[in-house]
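Enquirer: Have a peek at query-v7.cif (mmCIF, C-alpha atoms and all ligand atoms).
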data_run
#
loop_
_atom_site.group_PDB
_atom_site.id
_atom_site.type_symbol
_atom_site.label_atom_id
_atom_site.label_comp_id
_atom_site.auth_asym_id
_atom_site.auth_seq_id
_atom_site.Cartn_x
_atom_site.Cartn_y
_atom_site.Cartn_z
ATOM 1 C CA MET A 419 -69.068 -4.596 28.778
ATOM 2 C CA ILE A 420 -71.059 -2.216 26.605
ATOM 3 C CA TRP A 421 -72.349 0.878 28.413
ATOM 4 C CA ALA A 422 -70.414 -0.138 31.537
ATOM 5 C CA SER A 423 -66.673 -0.580 31.030
ATOM 6 C CA GLY A 424 -65.056 2.659 30.032
ATOM 7 C CA TRP A 425 -61.595 3.743 31.137
ATOM 8 C CA ARG A 426 -62.693 4.389 34.738
ATOM 9 C CA LEU A 427 -63.775 0.804 35.368
ATOM 10 C CA ALA A 428 -61.011 -0.784 33.285
ATOM 11 C CA SER A 429 -58.239 1.192 34.982
ATOM 12 C CA ALA A 430 -59.713 0.587 38.451
ATOM 13 C CA VAL A 431 -59.721 -3.177 37.838
ATOM 14 C CA SER A 432 -56.172 -3.137 36.459
ATOM 15 C CA ASN A 433 -54.926 -1.009 39.357
ATOM 16 C CA ALA A 434 -56.488 -3.522 41.769
ATOM 17 C CA GLY A 435 -54.600 -6.448 40.206
ATOM 18 C CA GLY A 436 -57.093 -7.706 37.629
ATOM 19 C CA LEU A 437 -56.983 -7.205 33.877
ATOM 20 C CA GLY A 438 -59.375 -4.365 33.129
ATOM 21 C CA LEU A 439 -61.101 -4.390 29.742
ATOM 22 C CA ILE A 440 -62.576 -1.433 27.895
ATOM 23 C CA GLY A 441 -65.853 -2.447 26.215
ATOM 24 C CA SER A 442 -65.554 -0.966 22.727
ATOM 25 C CA GLY A 443 -68.897 -2.312 21.464
ATOM 26 C CA SER A 444 -70.793 0.811 22.536
ATOM 27 C CA MET A 445 -68.147 3.321 21.438
ATOM 28 C CA TYR A 446 -67.576 5.315 18.267
ATOM 29 C CA PRO A 447 -63.948 5.025 17.085
ATOM 30 C CA GLU A 448 -62.943 8.465 18.382
ATOM 31 C CA VAL A 449 -64.543 7.645 21.750
ATOM 32 C CA LEU A 450 -62.583 4.389 21.961
ATOM 33 C CA LYS A 451 -59.336 6.272 21.272
ATOM 34 C CA GLU A 452 -60.101 8.699 24.072
ATOM 35 C CA HIS A 453 -60.903 5.862 26.516
ATOM 36 C CA ILE A 454 -57.657 4.045 25.685
ATOM 37 C CA GLN A 455 -55.652 7.228 26.241
ATOM 38 C CA GLN A 456 -57.449 7.997 29.522
ATOM 39 C CA CYS A 457 -56.897 4.407 30.674
ATOM 40 C CA LYS A 458 -53.174 4.681 29.947
ATOM 41 C CA ALA A 459 -53.070 7.861 32.031
ATOM 42 C CA ALA A 460 -54.978 6.224 34.904
ATOM 43 C CA THR A 461 -52.941 3.017 35.214
ATOM 44 C CA ASP A 462 -49.445 1.776 34.489
ATOM 45 C CA LYS A 463 -50.732 -1.821 34.634
ATOM 46 C CA PRO A 464 -51.764 -3.827 31.555
ATOM 47 C CA PHE A 465 -55.332 -3.471 30.321
ATOM 48 C CA GLY A 466 -57.185 -4.694 27.252
ATOM 49 C CA VAL A 467 -60.022 -3.858 24.893
ATOM 50 C CA ASN A 468 -63.023 -6.088 24.191
ATOM 51 C CA VAL A 469 -64.171 -6.005 20.566
ATOM 52 C CA PRO A 470 -67.455 -7.682 19.567
ATOM 53 C CA LEU A 471 -66.635 -8.870 16.044
ATOM 54 C CA LEU A 472 -70.109 -7.972 14.791
ATOM 55 C CA TYR A 473 -69.418 -4.284 15.465
ATOM 56 C CA PRO A 474 -70.068 -2.384 12.209
ATOM 57 C CA GLY A 475 -67.032 -0.061 12.501
ATOM 58 C CA ILE A 476 -64.635 -2.810 13.484
ATOM 59 C CA ASP A 477 -61.886 -1.899 10.971
ATOM 60 C CA GLN A 478 -61.454 1.475 12.646
ATOM 61 C CA HIS A 479 -61.503 -0.051 16.132
ATOM 62 C CA ILE A 480 -58.761 -2.509 15.173
ATOM 63 C CA GLN A 481 -56.709 0.319 13.650
ATOM 64 C CA THR A 482 -57.060 2.408 16.822
ATOM 65 C CA ILE A 483 -56.062 -0.538 19.026
ATOM 66 C CA ILE A 484 -52.943 -1.155 16.924
ATOM 67 C CA GLU A 485 -51.997 2.548 16.812
ATOM 68 C CA GLU A 486 -52.451 2.896 20.565
ATOM 69 C CA LYS A 487 -50.399 -0.278 21.175
ATOM 70 C CA VAL A 488 -53.014 -1.942 23.390
ATOM 71 C CA PRO A 489 -51.326 -5.198 24.487
ATOM 72 C CA ILE A 490 -54.387 -7.473 24.804
ATOM 73 C CA VAL A 491 -57.635 -7.779 22.845
ATOM 74 C CA PHE A 492 -60.625 -9.897 23.810
ATOM 75 C CA THR A 493 -62.860 -10.629 20.816
ATOM 76 C CA SER A 494 -66.404 -11.979 20.947
ATOM 77 C CA ALA A 495 -69.515 -12.622 18.868
ATOM 78 C CA GLY A 496 -67.955 -13.566 15.549
ATOM 79 C CA ASN A 497 -65.304 -15.544 13.719
ATOM 80 C CA PRO A 498 -61.892 -15.344 15.454
ATOM 81 C CA ALA A 499 -60.118 -16.183 12.177
ATOM 82 C CA THR A 500 -60.944 -12.737 10.734
ATOM 83 C CA TRP A 501 -58.741 -10.469 12.868
ATOM 84 C CA THR A 502 -56.506 -12.627 15.081
ATOM 85 C CA ALA A 503 -53.571 -12.910 12.632
ATOM 86 C CA LYS A 504 -53.465 -9.168 12.006
ATOM 87 C CA LEU A 505 -53.560 -8.332 15.712
ATOM 88 C CA LYS A 506 -50.902 -10.942 16.487
ATOM 89 C CA ALA A 507 -48.668 -9.544 13.742
ATOM 90 C CA HIS A 508 -48.618 -6.347 15.803
ATOM 91 C CA GLY A 509 -47.626 -8.227 18.952
ATOM 92 C CA ILE A 510 -51.130 -8.163 20.446
ATOM 93 C CA THR A 511 -52.364 -11.152 22.475
ATOM 94 C CA VAL A 512 -55.851 -12.211 21.359
ATOM 95 C CA VAL A 513 -58.363 -13.989 23.573
ATOM 96 C CA HIS A 514 -61.697 -15.078 22.099
ATOM 97 C CA VAL A 515 -64.977 -15.595 23.969
ATOM 98 C CA VAL A 516 -66.770 -18.885 23.206
ATOM 99 C CA SER A 517 -69.851 -20.734 24.383
ATOM 100 C CA SER A 518 -68.938 -24.217 23.107
ATOM 101 C CA SER A 519 -65.961 -26.575 22.672
ATOM 102 C CA LYS A 520 -66.407 -26.368 18.905
ATOM 103 C CA PHE A 521 -65.800 -22.618 18.882
ATOM 104 C CA ALA A 522 -63.011 -22.975 21.442
ATOM 105 C CA LEU A 523 -61.172 -25.218 18.979
ATOM 106 C CA LYS A 524 -61.765 -22.692 16.197
ATOM 107 C CA ALA A 525 -60.281 -19.969 18.383
ATOM 108 C CA GLN A 526 -57.246 -22.129 19.104
ATOM 109 C CA GLU A 527 -56.801 -22.873 15.392
ATOM 110 C CA ALA A 528 -57.070 -19.145 14.644
ATOM 111 C CA GLY A 529 -54.055 -18.549 16.915
ATOM 112 C CA CYS A 530 -55.770 -17.113 19.982
ATOM 113 C CA GLY A 531 -53.636 -17.129 23.127
ATOM 114 C CA ALA A 532 -56.535 -18.186 25.354
ATOM 115 C CA VAL A 533 -60.302 -18.562 25.328
ATOM 116 C CA VAL A 534 -63.009 -17.271 27.613
ATOM 117 C CA ALA A 535 -65.522 -20.106 28.094
ATOM 118 C CA GLU A 536 -68.732 -18.239 28.859
ATOM 119 C CA GLY A 537 -71.683 -20.201 30.218
ATOM 120 C CA PHE A 538 -75.435 -19.712 29.876
ATOM 121 C CA GLU A 539 -75.670 -17.838 33.198
ATOM 122 C CA ALA A 540 -73.656 -14.909 31.875
ATOM 123 C CA GLY A 541 -74.877 -11.393 31.275
ATOM 124 C CA GLY A 542 -74.769 -10.016 27.749
ATOM 125 C CA HIS A 543 -74.784 -12.028 24.520
ATOM 126 C CA ASN A 544 -74.808 -15.729 24.933
ATOM 127 C CA GLY A 545 -74.653 -19.111 23.165
ATOM 128 C CA ARG A 546 -77.728 -20.653 21.565
ATOM 129 C CA GLU A 547 -76.962 -24.099 23.033
ATOM 130 C CA GLU A 548 -77.508 -22.845 26.600
ATOM 131 C CA THR A 549 -74.545 -24.787 28.015
ATOM 132 C CA THR A 550 -74.026 -23.837 31.640
ATOM 133 C CA THR A 551 -70.667 -22.819 33.078
ATOM 134 C CA LEU A 552 -70.469 -25.991 35.192
ATOM 135 C CA VAL A 553 -70.611 -28.133 32.041
ATOM 136 C CA LEU A 554 -68.845 -25.802 29.625
ATOM 137 C CA ILE A 555 -65.578 -25.306 31.525
ATOM 138 C CA PRO A 556 -64.556 -28.977 31.748
ATOM 139 C CA ALA A 557 -65.728 -29.546 28.161
ATOM 140 C CA VAL A 558 -63.612 -26.663 26.819
ATOM 141 C CA CYS A 559 -60.644 -27.649 29.035
ATOM 142 C CA ASN A 560 -60.794 -31.123 27.509
ATOM 143 C CA ALA A 561 -60.994 -29.731 23.976
ATOM 144 C CA VAL A 562 -58.135 -27.192 23.871
ATOM 145 C CA THR A 563 -54.538 -26.870 25.033
ATOM 146 C CA ILE A 564 -54.512 -23.052 25.377
ATOM 147 C CA PRO A 565 -55.480 -21.469 28.724
ATOM 148 C CA VAL A 566 -59.182 -21.323 29.564
ATOM 149 C CA ILE A 567 -60.741 -18.373 31.372
ATOM 150 C CA ALA A 568 -64.135 -19.204 32.892
ATOM 151 C CA ALA A 569 -67.031 -16.741 32.703
ATOM 152 C CA GLY A 570 -70.709 -16.783 33.541
ATOM 153 C CA GLY A 571 -72.040 -16.727 37.073
ATOM 154 C CA ILE A 572 -68.774 -15.796 38.793
ATOM 155 C CA ALA A 573 -68.900 -12.940 41.297
ATOM 156 C CA THR A 574 -67.384 -14.379 44.473
ATOM 157 C CA GLY A 575 -64.170 -16.063 45.566
ATOM 158 C CA ARG A 576 -65.892 -19.402 46.101
ATOM 159 C CA GLN A 577 -67.288 -19.294 42.573
ATOM 160 C CA MET A 578 -63.797 -18.483 41.288
ATOM 161 C CA LEU A 579 -62.340 -21.448 43.162
ATOM 162 C CA ALA A 580 -65.093 -23.704 41.775
ATOM 163 C CA ALA A 581 -64.218 -22.604 38.235
ATOM 164 C CA MET A 582 -60.571 -23.364 38.850
ATOM 165 C CA VAL A 583 -61.348 -26.767 40.346
ATOM 166 C CA LEU A 584 -63.147 -27.481 37.057
ATOM 167 C CA GLY A 585 -59.924 -26.716 35.193
ATOM 168 C CA ALA A 586 -60.074 -23.003 34.401
ATOM 169 C CA ASN A 587 -56.839 -20.992 34.542
ATOM 170 C CA GLY A 588 -58.594 -17.741 35.398
ATOM 171 C CA VAL A 589 -61.990 -16.086 35.515
ATOM 172 C CA GLN A 590 -63.739 -13.235 33.733
ATOM 173 C CA VAL A 591 -66.162 -11.340 35.944
ATOM 174 C CA GLY A 592 -68.818 -9.207 34.256
ATOM 175 C CA SER A 593 -72.087 -8.461 36.049
ATOM 176 C CA ARG A 594 -70.452 -7.889 39.457
ATOM 177 C CA PHE A 595 -68.474 -4.943 38.079
ATOM 178 C CA VAL A 596 -71.567 -3.181 36.717
ATOM 179 C CA ALA A 597 -72.571 -2.452 40.319
ATOM 180 C CA THR A 598 -69.590 -0.160 40.933
ATOM 181 C CA PRO A 599 -69.260 3.628 41.039
ATOM 182 C CA GLU A 600 -66.710 3.354 38.207
ATOM 183 C CA ALA A 601 -69.080 1.642 35.740
ATOM 184 C CA SER A 602 -70.536 4.146 33.273
ATOM 185 C CA SER A 603 -73.957 2.473 33.517
ATOM 186 C CA HIS A 604 -76.922 4.536 34.773
ATOM 187 C CA ILE A 605 -77.540 4.522 38.535
ATOM 188 C CA ASN A 606 -81.094 3.187 37.919
ATOM 189 C CA PHE A 607 -79.559 0.095 36.309
ATOM 190 C CA LYS A 608 -77.086 -0.389 39.154
ATOM 191 C CA GLU A 609 -79.929 -0.061 41.688
ATOM 192 C CA ARG A 610 -82.049 -2.525 39.686
ATOM 193 C CA ILE A 611 -79.179 -5.044 39.781
ATOM 194 C CA ILE A 612 -78.727 -4.908 43.549
ATOM 195 C CA HIS A 613 -82.468 -5.454 44.022
ATOM 196 C CA SER A 614 -82.571 -8.422 41.618
ATOM 197 C CA ASN A 615 -83.768 -11.847 42.665
ATOM 198 C CA GLU A 616 -83.275 -15.336 41.262
ATOM 199 C CA GLY A 617 -85.344 -15.723 38.121
ATOM 200 C CA ASP A 618 -85.300 -12.020 37.216
ATOM 201 C CA THR A 619 -83.239 -12.626 34.051
ATOM 202 C CA GLN A 620 -83.857 -14.803 31.007
ATOM 203 C CA LEU A 621 -82.240 -15.458 27.635
ATOM 204 C CA SER A 622 -84.059 -13.471 24.957
ATOM 205 C CA LEU A 623 -83.925 -12.658 21.238
ATOM 206 C CA LYS A 624 -82.759 -16.138 20.274
ATOM 207 C CA LYS A 625 -83.756 -15.544 16.651
ATOM 208 C CA LEU A 626 -81.332 -12.610 16.488
ATOM 209 C CA THR A 627 -78.332 -12.709 18.815
ATOM 210 C CA PRO A 628 -79.333 -14.400 22.099
ATOM 211 C CA VAL A 629 -78.882 -12.086 25.078
ATOM 212 C CA ARG A 630 -79.655 -12.441 28.797
ATOM 213 C CA LEU A 631 -81.970 -9.662 29.939
ATOM 214 C CA ILE A 632 -83.817 -8.467 32.999
ATOM 215 C CA LYS A 633 -87.542 -9.195 32.589
ATOM 216 C CA ASN A 634 -88.921 -5.674 32.125
ATOM 217 C CA ASN A 635 -91.558 -4.261 29.786
ATOM 218 C CA PHE A 636 -89.248 -4.477 26.755
ATOM 219 C CA PHE A 637 -88.407 -8.120 27.556
ATOM 220 C CA LEU A 638 -92.138 -8.958 27.833
ATOM 221 C CA GLN A 639 -92.829 -7.298 24.461
ATOM 222 C CA VAL A 640 -90.130 -9.426 22.854
ATOM 223 C CA GLN A 641 -91.471 -12.543 24.573
ATOM 224 C CA GLU A 642 -94.999 -11.861 23.332
ATOM 225 C CA ALA A 643 -93.765 -11.212 19.791
ATOM 226 C CA GLU A 644 -91.737 -14.449 19.871
ATOM 227 C CA GLN A 645 -94.739 -16.421 21.154
ATOM 228 C CA ASN A 646 -96.776 -14.986 18.258
ATOM 229 C CA GLY A 647 -94.161 -16.262 15.812
ATOM 230 C CA ALA A 648 -92.432 -12.947 15.031
ATOM 231 C CA THR A 649 -89.813 -13.174 12.294
ATOM 232 C CA ALA A 650 -86.213 -12.111 12.845
ATOM 233 C CA ALA A 651 -86.954 -8.943 10.860
ATOM 234 C CA ALA A 652 -89.946 -8.101 13.061
ATOM 235 C CA LEU A 653 -87.865 -8.665 16.192
ATOM 236 C CA GLN A 654 -85.133 -6.473 14.773
ATOM 237 C CA GLU A 655 -87.677 -3.722 14.237
ATOM 238 C CA LEU A 656 -88.949 -4.088 17.811
ATOM 239 C CA LEU A 657 -85.372 -3.933 19.078
ATOM 240 C CA GLY A 658 -84.714 -0.834 16.980
ATOM 241 C CA ARG A 659 -81.600 1.222 17.463
ATOM 242 C CA GLY A 660 -80.187 2.339 20.777
ATOM 243 C CA ARG A 661 -82.309 0.025 22.921
ATOM 244 C CA ALA A 662 -79.343 -1.070 25.066
ATOM 245 C CA LYS A 663 -78.209 2.538 25.500
ATOM 246 C CA LYS A 664 -81.743 3.547 26.523
ATOM 247 C CA GLY A 665 -81.774 0.995 29.322
ATOM 248 C CA MET A 666 -78.257 0.591 30.631
ATOM 249 C CA PHE A 667 -76.874 4.079 29.974
ATOM 250 C CA GLU A 668 -79.919 6.366 30.036
ATOM 251 C CA GLY A 669 -81.672 4.502 32.839
ATOM 252 C CA ASP A 670 -85.052 3.640 31.257
ATOM 253 C CA MET A 671 -85.797 0.529 33.327
ATOM 254 C CA GLU A 672 -88.982 -0.430 31.456
ATOM 255 C CA ASN A 673 -88.344 0.275 27.771
ATOM 256 C CA GLY A 674 -84.609 -0.269 27.586
ATOM 257 C CA GLU A 675 -82.596 -3.450 27.099
ATOM 258 C CA LEU A 676 -81.014 -4.468 30.421
ATOM 259 C CA GLU A 677 -78.201 -6.987 30.004
ATOM 260 C CA ILE A 678 -77.134 -8.728 33.207
ATOM 261 C CA GLY A 679 -76.265 -12.239 34.380
ATOM 262 C CA GLN A 680 -78.100 -14.646 36.681
ATOM 263 C CA VAL A 681 -75.508 -13.815 39.317
ATOM 264 C CA SER A 682 -77.196 -10.410 39.758
ATOM 265 C CA ALA A 683 -79.340 -12.200 42.350
ATOM 266 C CA LEU A 684 -76.231 -12.435 44.548
ATOM 267 C CA ILE A 685 -75.114 -8.816 44.101
ATOM 268 C CA LYS A 686 -76.312 -6.718 47.020
ATOM 269 C CA ASN A 687 -74.228 -3.541 46.994
ATOM 270 C CA ILE A 688 -72.580 -0.914 44.809
ATOM 271 C CA ILE A 689 -68.941 -0.788 45.872
ATOM 272 C CA PRO A 690 -65.666 0.278 44.240
ATOM 273 C CA ALA A 691 -64.124 -2.140 41.738
ATOM 274 C CA ALA A 692 -60.960 -2.422 43.865
ATOM 275 C CA ASP A 693 -63.051 -3.616 46.835
ATOM 276 C CA ILE A 694 -64.656 -6.275 44.651
ATOM 277 C CA VAL A 695 -61.275 -7.571 43.478
ATOM 278 C CA LYS A 696 -60.077 -7.642 47.101
ATOM 279 C CA GLU A 697 -63.255 -9.389 48.326
ATOM 280 C CA ILE A 698 -63.076 -12.036 45.617
ATOM 281 C CA TRP A 699 -59.403 -12.656 46.280
ATOM 282 C CA THR A 700 -59.821 -12.851 50.079
ATOM 283 C CA GLU A 701 -62.781 -15.229 49.786
ATOM 284 C CA PHE A 702 -60.886 -17.322 47.208
ATOM 285 C CA GLU A 703 -57.892 -17.738 49.521
ATOM 286 C CA ASP A 704 -60.135 -18.551 52.473
ATOM 287 C CA ALA A 705 -62.099 -21.083 50.396
ATOM 288 C CA LEU A 706 -58.849 -22.656 49.287
ATOM 289 C CA GLN A 707 -57.988 -23.284 52.958
ATOM 290 C CA HIS A 708 -61.507 -24.412 53.893
ATOM 291 C CA PRO A 709 -63.147 -25.613 50.672
ATOM 292 C CA LEU A 710 -65.883 -27.636 52.379
ATOM 293 C CA LYS A 711 -67.009 -25.009 54.901
HETATM 294 C C1 LIG B 1 -73.930 -5.103 30.709
HETATM 295 C C2 LIG B 1 -73.062 -6.142 30.069
HETATM 296 C C3 LIG B 1 -72.480 -5.867 28.841
HETATM 297 C C4 LIG B 1 -71.650 -6.821 28.228
HETATM 298 N N1 LIG B 1 -71.054 -6.501 27.048
HETATM 299 C C5 LIG B 1 -70.174 -7.373 26.491
HETATM 300 C C6 LIG B 1 -69.461 -7.037 25.308
HETATM 301 O O1 LIG B 1 -69.608 -5.936 24.742
HETATM 302 N N2 LIG B 1 -68.585 -7.949 24.802
HETATM 303 C C7 LIG B 1 -68.381 -9.168 25.401
HETATM 304 O O2 LIG B 1 -67.581 -9.958 24.917
HETATM 305 N N3 LIG B 1 -69.050 -9.511 26.520
HETATM 306 C C8 LIG B 1 -69.919 -8.639 27.073
HETATM 307 N N4 LIG B 1 -70.566 -8.983 28.235
HETATM 308 C C9 LIG B 1 -70.246 -10.273 28.884
HETATM 309 C C10 LIG B 1 -69.110 -10.078 29.900
HETATM 310 O O3 LIG B 1 -67.940 -9.684 29.252
HETATM 311 C C11 LIG B 1 -68.829 -11.350 30.700
HETATM 312 O O4 LIG B 1 -68.321 -12.380 29.883
HETATM 313 C C12 LIG B 1 -70.058 -11.855 31.414
HETATM 314 O O5 LIG B 1 -70.722 -10.785 32.042
HETATM 315 C C13 LIG B 1 -69.647 -12.906 32.424
HETATM 316 O O6 LIG B 1 -70.760 -13.423 33.103
HETATM 317 P P1 LIG B 1 -71.380 -12.750 34.438
HETATM 318 O O7 LIG B 1 -72.248 -11.660 33.937
HETATM 319 O O8 LIG B 1 -72.146 -13.845 35.046
HETATM 320 O O9 LIG B 1 -70.242 -12.265 35.266
HETATM 321 C C14 LIG B 1 -71.416 -8.060 28.850
HETATM 322 C C15 LIG B 1 -72.025 -8.318 30.094
HETATM 323 C C16 LIG B 1 -72.832 -7.383 30.699
HETATM 324 C C17 LIG B 1 -73.434 -7.693 32.032
#
Output the structure of this file as structure tokens.
Expert:
Amino acid sequence: MIWASGWRLASAVSNAGGLGLIGSGSMYPEVLKEHIQQCKAATDKPFGVNVPLLYPGIDQHIQTIIEEKVPIVFTSAGNPATWTAKLKAHGITVVHVVSSSKFALKAQEAGCGAVVAEGFEAGGHNGREETTTLVLIPAVCNAVTIPVIAAGGIATGRQMLAAMVLGANGVQVGSRFVATPEASSHINFKERIIHSNEGDTQLSLKKLTPVRLIKNNFFLQVQEAEQNGATAAALQELLGRGRAKKGMFEGDMENGELEIGQVSALIKNIIPAADIVKEIWTEFEDALQHPLK
């Protein structure tokens, strides 16, 4: 997750038994290298790097990942055919994030080892079709033969069990891990998340790259521009550069872009990543014993 998952969060998740991912989309190449090296020093467990394929300096990121022998790469927001073969040739497992069965099939054809099926509820960039996790998981499971990791709206053990009942082989948890001491996000953002209510987020910027945002001043400006028929270029200008950094990393809660999922309404505390993994796992096992409680 951009502006959230550096080496501290990724290594904490891996040490707790999950697969921690470094979010490279907000990092310059030299910063990514440093985070990979710090992560290696902080955990002897596997971890991965997430690479949004639209990232302008992607060639350098891929080079760094190969040089540093990162075992697993999660790609998103782009065509999986572009980099999967090269990464696989270096022994790297590639998982691609999709929001539809059509793109899940493309990822499978491109040689990906698994897909993340990410529903409309999710924080961050999102599919235009607005397919919810409850519908997307069975659809993607029916479409592909590779493992399916469910994402979007999963922050508790019961939600994880529900995803698995729908056919998922695992889950990717995003928003819940932003509210941790290890996330590099600004404390204002973490506090905003734990005070969120249902309805506080909405999909925005559909003419550019759709993204789920907290409804703050920036969101309302975008909404007004969209209602007045703003072109993609005008929206791009409004977005400007560094808007996500301003909000999530620098803590400007009104003028920054605040990416978070619907599940923020269920997040009520800032606790260590290891406690979250433990809580999810304990609740999952309990729910497995008593699914209809
Ligand atoms: C602050 C934030 C930043 C994110 N950045 C990325 C990213 O750079 N690349 C990516 O593939 N997904 C990104 N995501 C999506 C997450 O990886 C994950 O799929 C999503 O949060 C799952 O849904 P949830 O938020 O309901 O848990 C981001 C999510 C959040 C909340």
Enquirer: As a check of understanding, name the residues that the PyMOL selection byres (((not hetatm)) within 6 of (chain B and resi 1)) selects in the supplied structure, as a PyMOL selection string.
Expert: chain A and resi 419-420+441+443+468+470+494+536+539-542+569-572+591-593+677-679+681
Enquirer: Can you find the residues with an atom no farther than 12 Å from (-57.4, -5.0, 21.0), counting only C-alpha atoms, and report them as number ranges by chain?
Expert: A: 439-443, 450-451, 454, 465-471, 476-494, 501-502, 504-506, 508-514
Enquirer: Distance CA of Gln641 (chain A)-CA of Asn673 (chain A), one decimal place?
Expert: 13.6 Å
Enquirer: Please report the interatomic distance between CA of Thr574 (chain A) and CA of Trp699 (chain A) in Å with one decimal.
Expert: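 Here the two named atoms are 8.4 Å from each other.
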Enquirer: Quick one: residues within 12 Å of Ala573 (chain A), all atoms listed in the file, excluding same-chain residues fewer than 2 positions away - as JSON, numbers by chain?
Expert: {"A": [539, 540, 541, 568, 569, 570, 571, 575, 576, 577, 578, 579, 580, 581, 589, 590, 591, 592, 593, 594, 595, 596, 597, 679, 680, 681, 682, 683, 684, 685, 686, 691, 694, 695, 696, 697, 698, 699, 701, 702]}
Enquirer: Report, in Å with one decimal, the straight-line distance from CA of Ile689 (chain A) to CA of Met582 (chain A).
Expert: 25.1 Å
Enquirer: Counting only C-alpha atoms, what is within 6 Å of Val629 (chain A), bar same-chain residues fewer than 4 positions away, as a list in words?
Expert: Gly542, His543, Asn544, Leu621 and Ser622 of chain A
Enquirer: Restrict the calculation to all atoms listed in the file, then for each residue of region 469-518 of chain A with any atom at most 9 Å from an atom of region 548-567 of chain A give the closest atom pair and their distance in Å to one decimal, rows by chain and rising residue number, as a Markdown table.
Expert:
| residue | atom | partner | partner_atom | distance |
| --- | --- | --- | --- | --- |
| A:Val515 | CA | A:Ile567 | CA | 9.0 |
| A:Ser517 | CA | A:Thr549 | CA | 7.2 |
| A:Ser518 | CA | A:Leu554 | CA | 6.7 |
Enquirer: Expand the PyMOL selection byres (((chain A and resi 462) around 12) and not hetatm) into the individual residues it matches in the shown file, reporting them as an MDAnalysis selection string.
Expert: chainID A and resid 428:435 437:438 455:461 463:465
Enquirer: Determine, counting only C-alpha atoms, which protein, DNA and RNA residues have an atom within 6 Å of an atom of Ala422 (chain A); residues of the same chain fewer than 3 positions away are not included. Present the result as a list of chain:residue names.
Expert: A:Met419, A:Ala601, A:Ser602, A:Ser603
Enquirer: Check the smallest atom-to-atom distance from each of A:Ala525, A:Ile688, A:Val534, A:Ala495 to Pro599 (chain A) using all atoms listed in the file, then report the winner.
Expert: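 Smallest separation from Pro599 (chain A) among the options: A:Ile688.
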Enquirer: Calculated over only C-alpha atoms, which of the candidates A:Phe607, A:Gln707, A:Gly424, A:Gly436 has the smallest distance to Val449 (chain A)?
Expert: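 The answer is A:Gly424, which sits nearest to Val449 (chain A).
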Enquirer: Which one of A:Pro709, A:Gly537, A:Pro498, A:Gly475 sits closest to Arg630 (chain A) if you count all atoms listed in the file?
Expert: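 Of all the options, A:Gly537 lies closest to Arg630 (chain A).
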Enquirer: Using all atoms listed in the file, which of A:Ala522, A:Leu653, A:Ala503, A:Ile605 sits nearest Asp670 (chain A)?
Expert: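 Under the stated criterion, the closest residue is A:Ile605.
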Enquirer: Residue by residue, what does the PyMOL selection byres (((chain A and resi 658-660) around 12) and not hetatm) grab here? Present the result as number ranges by chain.
Expert: A: 420-421, 444, 636, 640, 651-657, 661-668, 670, 673-676
Enquirer: With only C-alpha atoms as the basis for distance, which of A:Asn687, A:Ala650, A:His604, A:Glu672 is at the shortest distance from Phe637 (chain A)?
Expert: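 The shortest atom-to-atom distance to Phe637 (chain A) comes from A:Glu672.
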Enquirer: From the options A:Lys524, A:Pro447, A:Thr598, A:Val533, which residue's atoms come nearest to Ile612 (chain A), counting all atoms listed in the file?
Expert: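 When distances to Ile612 (chain A) are compared using all atoms listed in the file, the smallest one comes from A:Thr598.
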Enquirer: Can you pull region 448-468 of chain A out of that block with C-alpha atoms and hand it back as a compact mmCIF listing (two decimals), in the first residue's frame?
Expert:
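The resulting file, decode.txt, is shown below:
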# COMPACT_ATOMS: atom_id res chain seq x y z
CA GLU A 448 16.80 3.90 -4.31
CA VAL A 449 14.17 4.06 -1.55
CA LEU A 450 12.72 0.72 -2.65
CA LYS A 451 16.19 -0.86 -2.53
CA GLU A 452 16.68 0.41 1.01
CA HIS A 453 13.26 -0.92 2.11
CA ILE A 454 13.96 -4.36 0.64
CA GLN A 455 17.32 -4.52 2.42
CA GLN A 456 15.81 -3.36 5.73
CA CYS A 457 13.01 -5.91 5.36
CA LYS A 458 15.53 -8.70 4.81
CA ALA A 459 17.32 -7.62 7.99
CA ALA A 460 14.05 -7.50 9.96
CA THR A 461 12.65 -10.91 8.98
CA ASP A 462 13.89 -14.28 7.82
CA LYS A 463 10.39 -15.09 6.52
CA PRO A 464 9.31 -14.58 2.89
CA PHE A 465 8.00 -11.17 1.90
CA GLY A 466 7.06 -9.58 -1.41
CA VAL A 467 6.90 -6.27 -3.25
CA ASN A 468 3.76 -4.77 -4.79
